[in-house]
Amino acid sequence: MFRNLKEQIELFRIWANAYPIDLEQRSGEWECDYNEWNLLYDSFAKFLQACPVEKWNHEIIKDVLYIIARDNEMEIMISDLACNADLLLVVADAALSSERDAKWQVAAQLGKLSSHLQEAEQLLLKFVEDDEEYVRRQAFMALGTIHSTYVEQLAEQIWNREEEGQEYQRIAVLDALSKVDSPQLKEYLIKAVEDGRQYLVSYSSEIEGRL
């Protein structure tokens with residue numbers, strides 16, 4: 001079954017390599033222009049059913065992470081994979097050194113695990129330190145979803161981090177603190193209003209309305 005999936009992935013690679021490399025043409029949802037996603041999804045689903053986690057090797061994981069990263073709009077493949085908690089944990093460990101669009105999808109799915117919470121938490125704490133702002137944001141919100149005690153410990157550090165995506169990191173702080181019902185939330189809602197940036201203030205108002 002991996003041979004069939006690998007053939008489909010290689011066909012995608014060929015198409016992707018021939019796609020215009022101009023950054024303006026490759027921005028956004030360029031992968032969605034591929035016409036054979038249904039074949040990829042079908043091959044991926046059949047492979048997941050046929051190949052137990054014990055048989056996954058470095059080559060398989062590398063190719064799977066590559067195609068998951070390409071499926072970053074629909075997120076069908078990562079959703080299918082995440083149905084197997086053991087498999088998600090194996091792939092998540094490898095994803096730490098993968099590319100951005102694989103990492104943030106994996107981090108988001110770790111927050112949906114109803115089992116293996118300790119393992120998921122330890123992986124998310126690594127994703128929270130990633131170089132990519134969006135990966136860190138998704139990982140921190142996922143920590144909130146699994147009600148990690150680290151949310152309150154990390155909130156101030158993340159709130160004060162100076163970076164281009166600071167407004168969105170601060171939104172993630174509000175999101176995570178609200179999920180864990182933290183007594184710190186009210187303090188950060190005040191800080192959000194003082195910050196004054198549009199999306200942050202709007203999100204703080206939304207949370208206020210739910211309290």
# chains A, B, ... in the order shown; residues from 1 in each chain; ligands from 1
>>> residues_around(residues="A:Pro52", least_positions_apart="5", cutoff="10 Å", atoms="only C-alpha atoms", output="VMD selection string")
chain A and resid 47 84 86 to 87
>>> select_by_dssp(residues="stretch 89-121 of chain A", states="alpha helix (DSSP H)", output="VMD selection string")
chain A and resid 89 to 95 100 to 110 117 to 121
>>> write_last_selection(atoms="N, CA, C and O atoms", output="compact mmCIF listing (two decimals), in the first residue's frame")
# COMPACT_ATOMS: atom_id res chain seq x y z
N LEU A 89 1.38 10.42 17.65
CA LEU A 89 2.52 10.71 18.51
C LEU A 89 3.84 10.41 17.82
O LEU A 89 4.82 11.16 17.95
N VAL A 90 3.89 9.31 17.07
CA VAL A 90 5.11 8.96 16.33
C VAL A 90 5.42 10.01 15.28
O VAL A 90 6.55 10.48 15.14
N VAL A 91 4.39 10.40 14.53
CA VAL A 91 4.58 11.39 13.47
C VAL A 91 4.89 12.76 14.07
O VAL A 91 5.71 13.52 13.53
N ALA A 92 4.29 13.08 15.20
CA ALA A 92 4.51 14.38 15.84
C ALA A 92 5.97 14.54 16.26
O ALA A 92 6.55 15.62 16.12
N ASP A 93 6.55 13.48 16.78
CA ASP A 93 7.95 13.55 17.19
C ASP A 93 8.85 13.86 15.99
O ASP A 93 9.77 14.67 16.08
N ALA A 94 8.56 13.22 14.86
CA ALA A 94 9.34 13.48 13.65
C ALA A 94 9.04 14.86 13.08
O ALA A 94 9.92 15.51 12.49
N ALA A 95 7.82 15.33 13.28
CA ALA A 95 7.40 16.63 12.72
C ALA A 95 8.15 17.80 13.35
O ALA A 95 8.20 18.88 12.76
N ARG A 100 6.99 23.96 8.30
CA ARG A 100 5.98 24.72 9.02
C ARG A 100 4.58 24.16 8.85
O ARG A 100 3.85 23.98 9.83
N ASP A 101 4.16 23.90 7.61
CA ASP A 101 2.78 23.52 7.37
C ASP A 101 2.46 22.10 7.81
O ASP A 101 1.28 21.73 7.87
N ALA A 102 3.47 21.32 8.10
CA ALA A 102 3.24 20.03 8.76
C ALA A 102 3.20 20.23 10.27
O ALA A 102 2.32 19.67 10.95
N LYS A 103 4.09 21.05 10.79
CA LYS A 103 4.19 21.22 12.25
C LYS A 103 2.93 21.80 12.86
O LYS A 103 2.44 21.31 13.88
N TRP A 104 2.38 22.85 12.26
CA TRP A 104 1.23 23.48 12.92
C TRP A 104 0.00 22.57 12.87
O TRP A 104 -0.81 22.56 13.82
N GLN A 105 -0.14 21.79 11.80
CA GLN A 105 -1.26 20.86 11.73
C GLN A 105 -1.14 19.76 12.79
O GLN A 105 -2.12 19.40 13.45
N VAL A 106 0.06 19.24 12.96
CA VAL A 106 0.30 18.22 13.97
C VAL A 106 0.04 18.77 15.36
O VAL A 106 -0.62 18.14 16.19
N ALA A 107 0.55 19.98 15.62
CA ALA A 107 0.36 20.60 16.94
C ALA A 107 -1.13 20.77 17.25
O ALA A 107 -1.59 20.48 18.36
N ALA A 108 -1.89 21.23 16.28
CA ALA A 108 -3.33 21.42 16.48
C ALA A 108 -4.02 20.10 16.80
O ALA A 108 -4.91 20.04 17.67
N GLN A 109 -3.62 19.03 16.14
CA GLN A 109 -4.24 17.73 16.38
C GLN A 109 -3.85 17.16 17.74
O GLN A 109 -4.65 16.45 18.37
N LEU A 110 -2.66 17.46 18.21
CA LEU A 110 -2.26 16.99 19.53
C LEU A 110 -3.19 17.54 20.61
O LEU A 110 -3.42 16.91 21.64
N LEU A 117 -2.28 12.09 27.13
CA LEU A 117 -2.19 13.53 27.35
C LEU A 117 -0.79 13.96 27.80
O LEU A 117 -0.32 15.04 27.43
N GLN A 118 -0.13 13.14 28.58
CA GLN A 118 1.21 13.52 29.04
C GLN A 118 2.19 13.58 27.88
O GLN A 118 2.98 14.53 27.77
N GLU A 119 2.11 12.58 26.98
CA GLU A 119 2.99 12.59 25.81
C GLU A 119 2.67 13.77 24.90
O GLU A 119 3.58 14.43 24.38
N ALA A 120 1.38 14.04 24.71
CA ALA A 120 0.98 15.17 23.87
C ALA A 120 1.48 16.48 24.45
O ALA A 120 1.97 17.36 23.73
N GLU A 121 1.36 16.62 25.76
CA GLU A 121 1.80 17.85 26.41
C GLU A 121 3.29 18.07 26.22
O GLU A 121 3.73 19.20 25.91
>>> closest_residue(among="A:Leu96, A:Met74, A:Ile60, A:Cys32", to="A:Trp15", atoms="only C-alpha atoms")
A:Cys32
>>> residues_around(residues="A:Phe2", least_positions_apart="5", cutoff="12 Å", atoms="only C-alpha atoms", output="list in words")
Glu7, Gln8, Ile9, Glu10, Leu40, Ser43, Phe44, Ala45, Lys46, Phe47, Leu48, Gln49, Ala50, Cys51, Pro52, Lys55, Trp56, Asn57, Glu59, Ile60, Ile61, Asp63 and Val64 of chain A
>>> residues_around(residues="A:Gly165", least_positions_apart="6", cutoff="10 Å", atoms="only C-alpha atoms", output="PyMOL selection string")
chain A and resi 132-134+137
>>> closest_residue(among="A:Phe140, A:Tyr203, A:Tyr19, A:Tyr41", to="A:Ile67", atoms="only C-alpha atoms")
A:Tyr41
>>> residues_around(residues="stretch 151-157 of chain A", least_positions_apart="6", cutoff="10 Å", atoms="only C-alpha atoms", output="count of residues only")
22
>>> residues_around(residues="A:Gln198", least_positions_apart="5", cutoff="12 Å", atoms="only C-alpha atoms", output="PyMOL selection string")
chain A and resi 167-168+171+192-193+203-205
>>> write_last_selection(atoms="all heavy atoms", output="PDB file, in the first residue's frame")
ATOM      1  N   GLU A 167       0.411  40.328  18.090  1.00  0.00           N
ATOM      2  CA  GLU A 167      -1.028  40.456  18.334  1.00  0.00           C
ATOM      3  C   GLU A 167      -1.695  39.086  18.341  1.00  0.00           C
ATOM      4  O   GLU A 167      -2.554  38.799  19.195  1.00  0.00           O
ATOM      5  CB  GLU A 167      -1.672  41.339  17.269  1.00  0.00           C
ATOM      6  CG  GLU A 167      -3.176  41.514  17.482  1.00  0.00           C
ATOM      7  CD  GLU A 167      -3.810  42.441  16.458  1.00  0.00           C
ATOM      8  OE1 GLU A 167      -3.125  42.829  15.476  1.00  0.00           O
ATOM      9  OE2 GLU A 167      -4.999  42.783  16.631  1.00  0.00           O
ATOM     10  N   TYR A 168      -1.283  38.228  17.418  1.00  0.00           N
ATOM     11  CA  TYR A 168      -1.908  36.909  17.312  1.00  0.00           C
ATOM     12  C   TYR A 168      -1.446  35.977  18.429  1.00  0.00           C
ATOM     13  O   TYR A 168      -2.217  35.124  18.893  1.00  0.00           O
ATOM     14  CB  TYR A 168      -1.621  36.319  15.935  1.00  0.00           C
ATOM     15  CG  TYR A 168      -2.161  37.207  14.842  1.00  0.00           C
ATOM     16  CD1 TYR A 168      -1.310  38.052  14.129  1.00  0.00           C
ATOM     17  CD2 TYR A 168      -3.526  37.245  14.569  1.00  0.00           C
ATOM     18  CE1 TYR A 168      -1.817  38.898  13.152  1.00  0.00           C
ATOM     19  CE2 TYR A 168      -4.039  38.089  13.589  1.00  0.00           C
ATOM     20  CZ  TYR A 168      -3.177  38.917  12.890  1.00  0.00           C
ATOM     21  OH  TYR A 168      -3.684  39.766  11.934  1.00  0.00           O
ATOM     22  N   ILE A 171      -3.612  36.890  21.270  1.00  0.00           N
ATOM     23  CA  ILE A 171      -4.927  36.275  21.116  1.00  0.00           C
ATOM     24  C   ILE A 171      -4.867  34.816  21.565  1.00  0.00           C
ATOM     25  O   ILE A 171      -5.779  34.317  22.226  1.00  0.00           O
ATOM     26  CB  ILE A 171      -5.395  36.380  19.647  1.00  0.00           C
ATOM     27  CG1 ILE A 171      -5.749  37.841  19.316  1.00  0.00           C
ATOM     28  CG2 ILE A 171      -6.582  35.454  19.378  1.00  0.00           C
ATOM     29  CD1 ILE A 171      -6.048  38.082  17.848  1.00  0.00           C
ATOM     30  N   ALA A 192      -5.346  43.324  27.152  1.00  0.00           N
ATOM     31  CA  ALA A 192      -5.721  43.329  25.732  1.00  0.00           C
ATOM     32  C   ALA A 192      -6.346  44.654  25.331  1.00  0.00           C
ATOM     33  O   ALA A 192      -6.041  45.212  24.266  1.00  0.00           O
ATOM     34  CB  ALA A 192      -6.692  42.177  25.453  1.00  0.00           C
ATOM     35  N   VAL A 193      -7.216  45.185  26.180  1.00  0.00           N
ATOM     36  CA  VAL A 193      -7.839  46.484  25.904  1.00  0.00           C
ATOM     37  C   VAL A 193      -6.783  47.583  25.911  1.00  0.00           C
ATOM     38  O   VAL A 193      -6.800  48.488  25.063  1.00  0.00           O
ATOM     39  CB  VAL A 193      -8.946  46.778  26.935  1.00  0.00           C
ATOM     40  CG1 VAL A 193      -9.490  48.192  26.743  1.00  0.00           C
ATOM     41  CG2 VAL A 193     -10.062  45.751  26.827  1.00  0.00           C
ATOM     42  N   TYR A 203     -11.294  40.153  20.089  1.00  0.00           N
ATOM     43  CA  TYR A 203     -11.338  38.802  20.685  1.00  0.00           C
ATOM     44  C   TYR A 203     -11.553  38.873  22.192  1.00  0.00           C
ATOM     45  O   TYR A 203     -12.270  38.035  22.764  1.00  0.00           O
ATOM     46  CB  TYR A 203     -10.066  38.033  20.349  1.00  0.00           C
ATOM     47  CG  TYR A 203     -10.163  36.571  20.713  1.00  0.00           C
ATOM     48  CD1 TYR A 203     -11.012  35.725  20.012  1.00  0.00           C
ATOM     49  CD2 TYR A 203      -9.424  36.036  21.762  1.00  0.00           C
ATOM     50  CE1 TYR A 203     -11.130  34.387  20.339  1.00  0.00           C
ATOM     51  CE2 TYR A 203      -9.534  34.691  22.095  1.00  0.00           C
ATOM     52  CZ  TYR A 203     -10.387  33.879  21.376  1.00  0.00           C
ATOM     53  OH  TYR A 203     -10.514  32.544  21.705  1.00  0.00           O
ATOM     54  N   SER A 204     -10.951  39.864  22.818  1.00  0.00           N
ATOM     55  CA  SER A 204     -11.138  40.017  24.267  1.00  0.00           C
ATOM     56  C   SER A 204     -12.612  40.305  24.584  1.00  0.00           C
ATOM     57  O   SER A 204     -13.165  39.797  25.551  1.00  0.00           O
ATOM     58  CB  SER A 204     -10.246  41.130  24.827  1.00  0.00           C
ATOM     59  OG  SER A 204     -10.651  42.406  24.364  1.00  0.00           O
ATOM     60  N   SER A 205     -13.266  41.095  23.725  1.00  0.00           N
ATOM     61  CA  SER A 205     -14.694  41.389  23.914  1.00  0.00           C
ATOM     62  C   SER A 205     -15.526  40.124  23.748  1.00  0.00           C
ATOM     63  O   SER A 205     -16.505  39.905  24.465  1.00  0.00           O
ATOM     64  CB  SER A 205     -15.150  42.454  22.924  1.00  0.00           C
ATOM     65  OG  SER A 205     -14.479  43.675  23.135  1.00  0.00           O
TER      66      SER A 205
END
